[in-house]
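**Q** Below are the structure tokens for one structure; questions will follow.
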Protein chains: 2
Amino acid sequence: MKEAKVPDIVVSRLPVYLRALEFLAMEGVETVSSAELAERLDLNPAQIRKDLSYFGSFGRQGRGYNVKGLIEAIRQILNLEREWEVALVGVGDLGRALVHYQGFKDKGFRLTLLFDNNPQKIGTKIGELEIMDSALIPKLIPERGIKIAIIAVPPQEAQKVADALVSAGIEAILNYAPVNLKVPPHVKVHYIDPVVGLRHMTYYLPRQSG
Amino acid sequence: MKEAKVPDIVVSRLPVYLRALEFLAMEGVETVSSAELAERLDLNPAQIRKDLSYFGSFGRQGRGYNVKGLIEAIRQILNLEREWEVALVGVGDLGRALVHYQGFKDKGFRLTLLFDNNPQKIGTKIGELEIMDSALIPKLIPERGIKIAIIAVPPQEAQKVADALVSAGIEAILNYAPVNLKVPPHVKVHYIDPVVGLRHMTYYLPRQSG
């Protein structure tokens, strides 16, 4: 499969392109040039063209990309032609916010399994989902064949939870805990860390003199 | 200033390197090669060396980088030699999670101002911080000289909040709402979107047959 050779850094940019294209589609935009897309993303147009060229030929010279067509193509490349079930571990403030998050809708993901180890929470419901005992991770995740999990537990519990998830068959972890997780090579981890975003922006803020 | 010419894509990777280096420092690692750092980050060592070369010469041939020294250098490049005050707008589940987030500590940021427009929340405290009326954004942000804000309000309110923040002097916005914000060119926006991370990882998950 030729896609196996695409550098991860290129793959990592596709979801960013896809989000920008989805915003354009919502605004009713039908075609977009790589220059317009690049400006919106604060990127270089040549990079966008080069990144996309790994996967085939999109858009026609001088005509730009068809927005809907490129959305479909990138969704296919990113393995988003199905809906993925996602398990969430840790139903504190952040976990509850994720259950109510409006950004998952129509994006390919659905939270379908919630875990917490707090006896006061286990058995209660958020919306239609019952909070399950984290001790059931080894049973329920393989039963449902779930491959993706979100970790939203306190930092000191994150590695233990990751170990349980990996043993249960999870292959992709979105980690909100500010700790570096150790996982086997076949498991992908993506960190959600507000500090990374803040530190990117401070580069552009005025520097203190004196 | 030569740094003004550094491509944003390079700047965007520095916080990721910095986080990895901080994890290494916590583990007691004193020196690291670009190959080791690259492996940890799933990146190409040549890219790390090239990115860092924009800012000077770090590490010695064959000896790798001194972890603490490189941390200090990147913090200086990213304008992190001071602590930045941050305003948070929207104290729902996500906002509360951010107030309690343990990842800001010693990373250069401190939440010091909370806003919400819910009369039941205004005047109450979370930890030591009182929740202020969002109507006071135009007064309190310039008074404190705050330049960075986090938006954690529902999507339909996000643009209105962004407008108020920008008018009040905010130049960097970390946006958790799943909407594309329109801001003037001098304002940076960084999106925190779990869908981007999830979609990056699905690329590597097994594809459904049939």
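Chain labels A, B, ... are given in the sequence in which chains occur in the structure tokens; within each chain residues are numbered consecutively from 1, and ligands are likewise numbered from 1 in the order shown.
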Could you build a table of the residues in chain A lying no more than 7 Å from chain B, giving for each the nearest pair of atoms and their separation in Å rounded to one decimal place, using only C-alpha atoms, ordered by chain and ascending residue number, as JSON lines?
**A**
```
{"residue": "A:Val11", "atom": "CA", "partner": "B:His200", "partner_atom": "CA", "distance": 6.5}
{"residue": "A:Ser12", "atom": "CA", "partner": "B:His200", "partner_atom": "CA", "distance": 5.4}
{"residue": "A:Pro15", "atom": "CA", "partner": "B:Val196", "partner_atom": "CA", "distance": 5.2}
{"residue": "A:Val16", "atom": "CA", "partner": "B:Val196", "partner_atom": "CA", "distance": 6.4}
{"residue": "A:Phe23", "atom": "CA", "partner": "B:Asn180", "partner_atom": "CA", "distance": 6.8}
{"residue": "A:Ile77", "atom": "CA", "partner": "B:Tyr203", "partner_atom": "CA", "distance": 7.0}
{"residue": "A:Leu78", "atom": "CA", "partner": "B:Tyr203", "partner_atom": "CA", "distance": 4.4}
{"residue": "A:Asn79", "atom": "CA", "partner": "B:Tyr203", "partner_atom": "CA", "distance": 5.4}
{"residue": "A:Asp93", "atom": "CA", "partner": "B:Asp93", "partner_atom": "CA", "distance": 4.7}
{"residue": "A:Leu94", "atom": "CA", "partner": "B:Ala97", "partner_atom": "CA", "distance": 5.2}
{"residue": "A:Arg96", "atom": "CA", "partner": "B:Asp93", "partner_atom": "CA", "distance": 6.4}
{"residue": "A:Ala97", "atom": "CA", "partner": "B:Asp93", "partner_atom": "CA", "distance": 5.1}
{"residue": "A:Gly103", "atom": "CA", "partner": "B:Pro178", "partner_atom": "CA", "distance": 5.4}
{"residue": "A:Phe104", "atom": "CA", "partner": "B:Val195", "partner_atom": "CA", "distance": 6.5}
{"residue": "A:Ala172", "atom": "CA", "partner": "B:Met201", "partner_atom": "CA", "distance": 6.1}
{"residue": "A:Leu174", "atom": "CA", "partner": "B:Leu198", "partner_atom": "CA", "distance": 6.8}
{"residue": "A:Pro178", "atom": "CA", "partner": "B:Gly103", "partner_atom": "CA", "distance": 5.4}
{"residue": "A:Asn180", "atom": "CA", "partner": "B:Phe23", "partner_atom": "CA", "distance": 6.8}
{"residue": "A:Lys188", "atom": "CA", "partner": "B:Met201", "partner_atom": "CA", "distance": 6.4}
{"residue": "A:His190", "atom": "CA", "partner": "B:Gly197", "partner_atom": "CA", "distance": 5.8}
{"residue": "A:Val195", "atom": "CA", "partner": "B:Phe104", "partner_atom": "CA", "distance": 6.6}
{"residue": "A:Val196", "atom": "CA", "partner": "B:Pro15", "partner_atom": "CA", "distance": 5.2}
{"residue": "A:Gly197", "atom": "CA", "partner": "B:His190", "partner_atom": "CA", "distance": 5.8}
{"residue": "A:Leu198", "atom": "CA", "partner": "B:Leu174", "partner_atom": "CA", "distance": 6.8}
{"residue": "A:Arg199", "atom": "CA", "partner": "B:Pro15", "partner_atom": "CA", "distance": 5.9}
{"residue": "A:His200", "atom": "CA", "partner": "B:Ser12", "partner_atom": "CA", "distance": 5.4}
{"residue": "A:Met201", "atom": "CA", "partner": "B:Ala172", "partner_atom": "CA", "distance": 6.1}
{"residue": "A:Thr202", "atom": "CA", "partner": "B:Asn79", "partner_atom": "CA", "distance": 5.8}
{"residue": "A:Tyr203", "atom": "CA", "partner": "B:Leu78", "partner_atom": "CA", "distance": 4.4}
{"residue": "A:Arg207", "atom": "CA", "partner": "B:Asn79", "partner_atom": "CA", "distance": 6.5}
```
**Q** Using only C-alpha atoms, please write the residues we just selected to a file, as an mmCIF file, in the first residue's frame.
**A**
```
data_model
loop_
_atom_site.group_PDB
_atom_site.id
_atom_site.type_symbol
_atom_site.label_atom_id
_atom_site.label_comp_id
_atom_site.auth_asym_id
_atom_site.auth_seq_id
_atom_site.Cartn_x
_atom_site.Cartn_y
_atom_site.Cartn_z
ATOM 1 C CA VAL A 11 -0.462 12.669 7.718
ATOM 2 C CA SER A 12 -0.651 14.935 10.765
ATOM 3 C CA PRO A 15 -6.863 16.621 9.606
ATOM 4 C CA VAL A 16 -6.001 20.328 9.760
ATOM 5 C CA PHE A 23 -15.425 25.211 7.599
ATOM 6 C CA ILE A 77 -7.391 8.719 3.154
ATOM 7 C CA LEU A 78 -7.792 9.208 6.903
ATOM 8 C CA ASN A 79 -9.927 6.099 7.262
ATOM 9 C CA ASP A 93 -15.071 18.136 34.615
ATOM 10 C CA LEU A 94 -13.091 17.504 31.444
ATOM 11 C CA ARG A 96 -18.198 15.690 31.128
ATOM 12 C CA ALA A 97 -17.186 18.500 28.788
ATOM 13 C CA GLY A 103 -17.493 19.048 17.692
ATOM 14 C CA PHE A 104 -17.630 15.239 17.317
ATOM 15 C CA ALA A 172 -5.173 4.926 19.492
ATOM 16 C CA LEU A 174 -6.061 10.773 22.841
ATOM 17 C CA PRO A 178 -0.010 16.138 31.122
ATOM 18 C CA ASN A 180 4.260 11.182 28.701
ATOM 19 C CA LYS A 188 -0.572 5.741 18.633
ATOM 20 C CA HIS A 190 -1.943 12.020 20.492
ATOM 21 C CA VAL A 195 0.498 24.577 26.863
ATOM 22 C CA VAL A 196 1.782 23.584 23.408
ATOM 23 C CA GLY A 197 -0.702 25.927 21.748
ATOM 24 C CA LEU A 198 -0.029 28.762 24.182
ATOM 25 C CA ARG A 199 3.729 28.457 23.727
ATOM 26 C CA HIS A 200 3.367 28.585 19.968
ATOM 27 C CA MET A 201 1.561 31.905 20.237
ATOM 28 C CA THR A 202 3.847 33.563 22.795
ATOM 29 C CA TYR A 203 6.576 33.531 20.146
ATOM 30 C CA ARG A 207 8.917 40.726 24.308
#
```
**Q** Going by DSSP on the backbone, which residues of region 53-162 of chain B come out as strand (DSSP E)? List them as a ChimeraX atom specification.
**A** /B:65-66,84-89,109-116,125-126,129-133,148-151
**Q** Given the selection you just returned, output its residues as a file containing N, CA and C atoms, formatted as a PDB file, in the first residue's frame.
**A**
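The new file part07.pdb reads:
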```pdb
ATOM      1  N   TYR B  65      22.453  16.931  22.429  1.00  0.00           N
ATOM      2  CA  TYR B  65      22.084  18.185  23.067  1.00  0.00           C
ATOM      3  C   TYR B  65      22.100  18.037  24.584  1.00  0.00           C
ATOM      4  N   ASN B  66      22.530  19.080  25.254  1.00  0.00           N
ATOM      5  CA  ASN B  66      22.345  19.145  26.698  1.00  0.00           C
ATOM      6  C   ASN B  66      20.880  19.493  26.946  1.00  0.00           C
ATOM      7  N   TRP B  84       3.203  34.341  31.830  1.00  0.00           N
ATOM      8  CA  TRP B  84       2.100  35.041  31.153  1.00  0.00           C
ATOM      9  C   TRP B  84       0.806  34.825  31.923  1.00  0.00           C
ATOM     10  N   GLU B  85       0.117  35.937  32.171  1.00  0.00           N
ATOM     11  CA  GLU B  85      -1.230  35.821  32.735  1.00  0.00           C
ATOM     12  C   GLU B  85      -2.193  35.459  31.617  1.00  0.00           C
ATOM     13  N   VAL B  86      -3.161  34.629  31.943  1.00  0.00           N
ATOM     14  CA  VAL B  86      -4.125  34.175  30.948  1.00  0.00           C
ATOM     15  C   VAL B  86      -5.544  34.395  31.477  1.00  0.00           C
ATOM     16  N   ALA B  87      -6.416  34.921  30.630  1.00  0.00           N
ATOM     17  CA  ALA B  87      -7.828  35.065  30.974  1.00  0.00           C
ATOM     18  C   ALA B  87      -8.607  33.901  30.375  1.00  0.00           C
ATOM     19  N   LEU B  88      -9.557  33.389  31.125  1.00  0.00           N
ATOM     20  CA  LEU B  88     -10.391  32.284  30.648  1.00  0.00           C
ATOM     21  C   LEU B  88     -11.837  32.763  30.552  1.00  0.00           C
ATOM     22  N   VAL B  89     -12.454  32.550  29.394  1.00  0.00           N
ATOM     23  CA  VAL B  89     -13.856  32.937  29.234  1.00  0.00           C
ATOM     24  C   VAL B  89     -14.694  31.677  29.073  1.00  0.00           C
ATOM     25  N   PHE B 109       2.611  29.836  32.308  1.00  0.00           N
ATOM     26  CA  PHE B 109       1.268  30.421  32.213  1.00  0.00           C
ATOM     27  C   PHE B 109       0.532  30.310  33.537  1.00  0.00           C
ATOM     28  N   ARG B 110      -0.298  31.325  33.822  1.00  0.00           N
ATOM     29  CA  ARG B 110      -1.132  31.277  35.009  1.00  0.00           C
ATOM     30  C   ARG B 110      -2.488  31.872  34.689  1.00  0.00           C
ATOM     31  N   LEU B 111      -3.547  31.113  34.936  1.00  0.00           N
ATOM     32  CA  LEU B 111      -4.900  31.655  34.792  1.00  0.00           C
ATOM     33  C   LEU B 111      -5.131  32.632  35.933  1.00  0.00           C
ATOM     34  N   THR B 112      -5.462  33.871  35.581  1.00  0.00           N
ATOM     35  CA  THR B 112      -5.637  34.859  36.651  1.00  0.00           C
ATOM     36  C   THR B 112      -6.967  35.590  36.560  1.00  0.00           C
ATOM     37  N   LEU B 113      -7.722  35.344  35.499  1.00  0.00           N
ATOM     38  CA  LEU B 113      -8.976  36.073  35.327  1.00  0.00           C
ATOM     39  C   LEU B 113      -9.989  35.127  34.698  1.00  0.00           C
ATOM     40  N   LEU B 114     -11.143  34.954  35.361  1.00  0.00           N
ATOM     41  CA  LEU B 114     -12.192  34.070  34.847  1.00  0.00           C
ATOM     42  C   LEU B 114     -13.435  34.888  34.528  1.00  0.00           C
ATOM     43  N   PHE B 115     -14.039  34.593  33.371  1.00  0.00           N
ATOM     44  CA  PHE B 115     -15.267  35.280  32.979  1.00  0.00           C
ATOM     45  C   PHE B 115     -16.364  34.276  32.652  1.00  0.00           C
ATOM     46  N   ASP B 116     -17.592  34.645  32.979  1.00  0.00           N
ATOM     47  CA  ASP B 116     -18.743  33.879  32.527  1.00  0.00           C
ATOM     48  C   ASP B 116     -19.924  34.846  32.455  1.00  0.00           C
ATOM     49  N   LYS B 125     -16.585  31.581  43.497  1.00  0.00           N
ATOM     50  CA  LYS B 125     -15.146  31.374  43.349  1.00  0.00           C
ATOM     51  C   LYS B 125     -14.821  29.946  42.927  1.00  0.00           C
ATOM     52  N   ILE B 126     -13.746  29.802  42.170  1.00  0.00           N
ATOM     53  CA  ILE B 126     -13.159  28.483  41.923  1.00  0.00           C
ATOM     54  C   ILE B 126     -11.747  28.567  42.466  1.00  0.00           C
ATOM     55  N   LEU B 129      -9.967  32.085  42.658  1.00  0.00           N
ATOM     56  CA  LEU B 129     -10.365  33.039  41.626  1.00  0.00           C
ATOM     57  C   LEU B 129     -11.872  33.264  41.596  1.00  0.00           C
ATOM     58  N   GLU B 130     -12.260  34.520  41.592  1.00  0.00           N
ATOM     59  CA  GLU B 130     -13.668  34.864  41.496  1.00  0.00           C
ATOM     60  C   GLU B 130     -14.071  34.906  40.023  1.00  0.00           C
ATOM     61  N   ILE B 131     -15.255  34.405  39.721  1.00  0.00           N
ATOM     62  CA  ILE B 131     -15.758  34.472  38.343  1.00  0.00           C
ATOM     63  C   ILE B 131     -16.364  35.857  38.104  1.00  0.00           C
ATOM     64  N   MET B 132     -15.844  36.539  37.099  1.00  0.00           N
ATOM     65  CA  MET B 132     -16.275  37.901  36.784  1.00  0.00           C
ATOM     66  C   MET B 132     -17.309  37.867  35.659  1.00  0.00           C
ATOM     67  N   ASP B 133     -18.118  38.896  35.623  1.00  0.00           N
ATOM     68  CA  ASP B 133     -19.100  39.065  34.550  1.00  0.00           C
ATOM     69  C   ASP B 133     -18.377  39.312  33.219  1.00  0.00           C
ATOM     70  N   ILE B 148      -3.271  37.162  26.528  1.00  0.00           N
ATOM     71  CA  ILE B 148      -3.628  35.796  26.133  1.00  0.00           C
ATOM     72  C   ILE B 148      -4.955  35.402  26.773  1.00  0.00           C
ATOM     73  N   ALA B 149      -5.849  34.809  25.972  1.00  0.00           N
ATOM     74  CA  ALA B 149      -7.126  34.348  26.521  1.00  0.00           C
ATOM     75  C   ALA B 149      -7.458  32.960  26.001  1.00  0.00           C
ATOM     76  N   ILE B 150      -8.227  32.235  26.802  1.00  0.00           N
ATOM     77  CA  ILE B 150      -8.739  30.923  26.410  1.00  0.00           C
ATOM     78  C   ILE B 150     -10.252  31.030  26.280  1.00  0.00           C
ATOM     79  N   ILE B 151     -10.776  30.577  25.146  1.00  0.00           N
ATOM     80  CA  ILE B 151     -12.227  30.575  24.922  1.00  0.00           C
ATOM     81  C   ILE B 151     -12.752  29.160  25.165  1.00  0.00           C
TER      82      ILE B 151
END
```
**Q** What gap, in Å, lies between CA of Glu83 (chain B) and CA of Met26 (chain B)?
**A**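 CA of Met26 (chain B) lies at a distance of 20.4 Å from CA of Glu83 (chain B).
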**Q** Please, what distance in Å, to one decimal, runs between CA of Gly56 (chain A) and CA of Glu36 (chain A)?
**A**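 Going from CA of Gly56 (chain A) over to CA of Glu36 (chain A) covers 20.2 Å.
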**Q** Using DSSP assignments from the backbone, pull out every residue in region 25-202 of chain A that falls under alpha helix (DSSP H) and give it to me as number ranges by chain.
**A** A: 25-26, 34-41, 45-53, 67-77, 93-100, 137-144, 155-167, 194-202
**Q** Give me the residues near Ser167 (chain A) as a PyMOL selection string, where near means some atom within 12 Å (using only C-alpha atoms) and where sequence neighbours in that chain fewer than 2 positions away do not count.
**A** chain A and resi 137-142+147+160-165+169-171+183-184+187
**Q** Rounded to one decimal place, report the CA of Leu37 (chain B)-CA of Arg60 (chain B) distance in Å.
**A** 15.0 Å
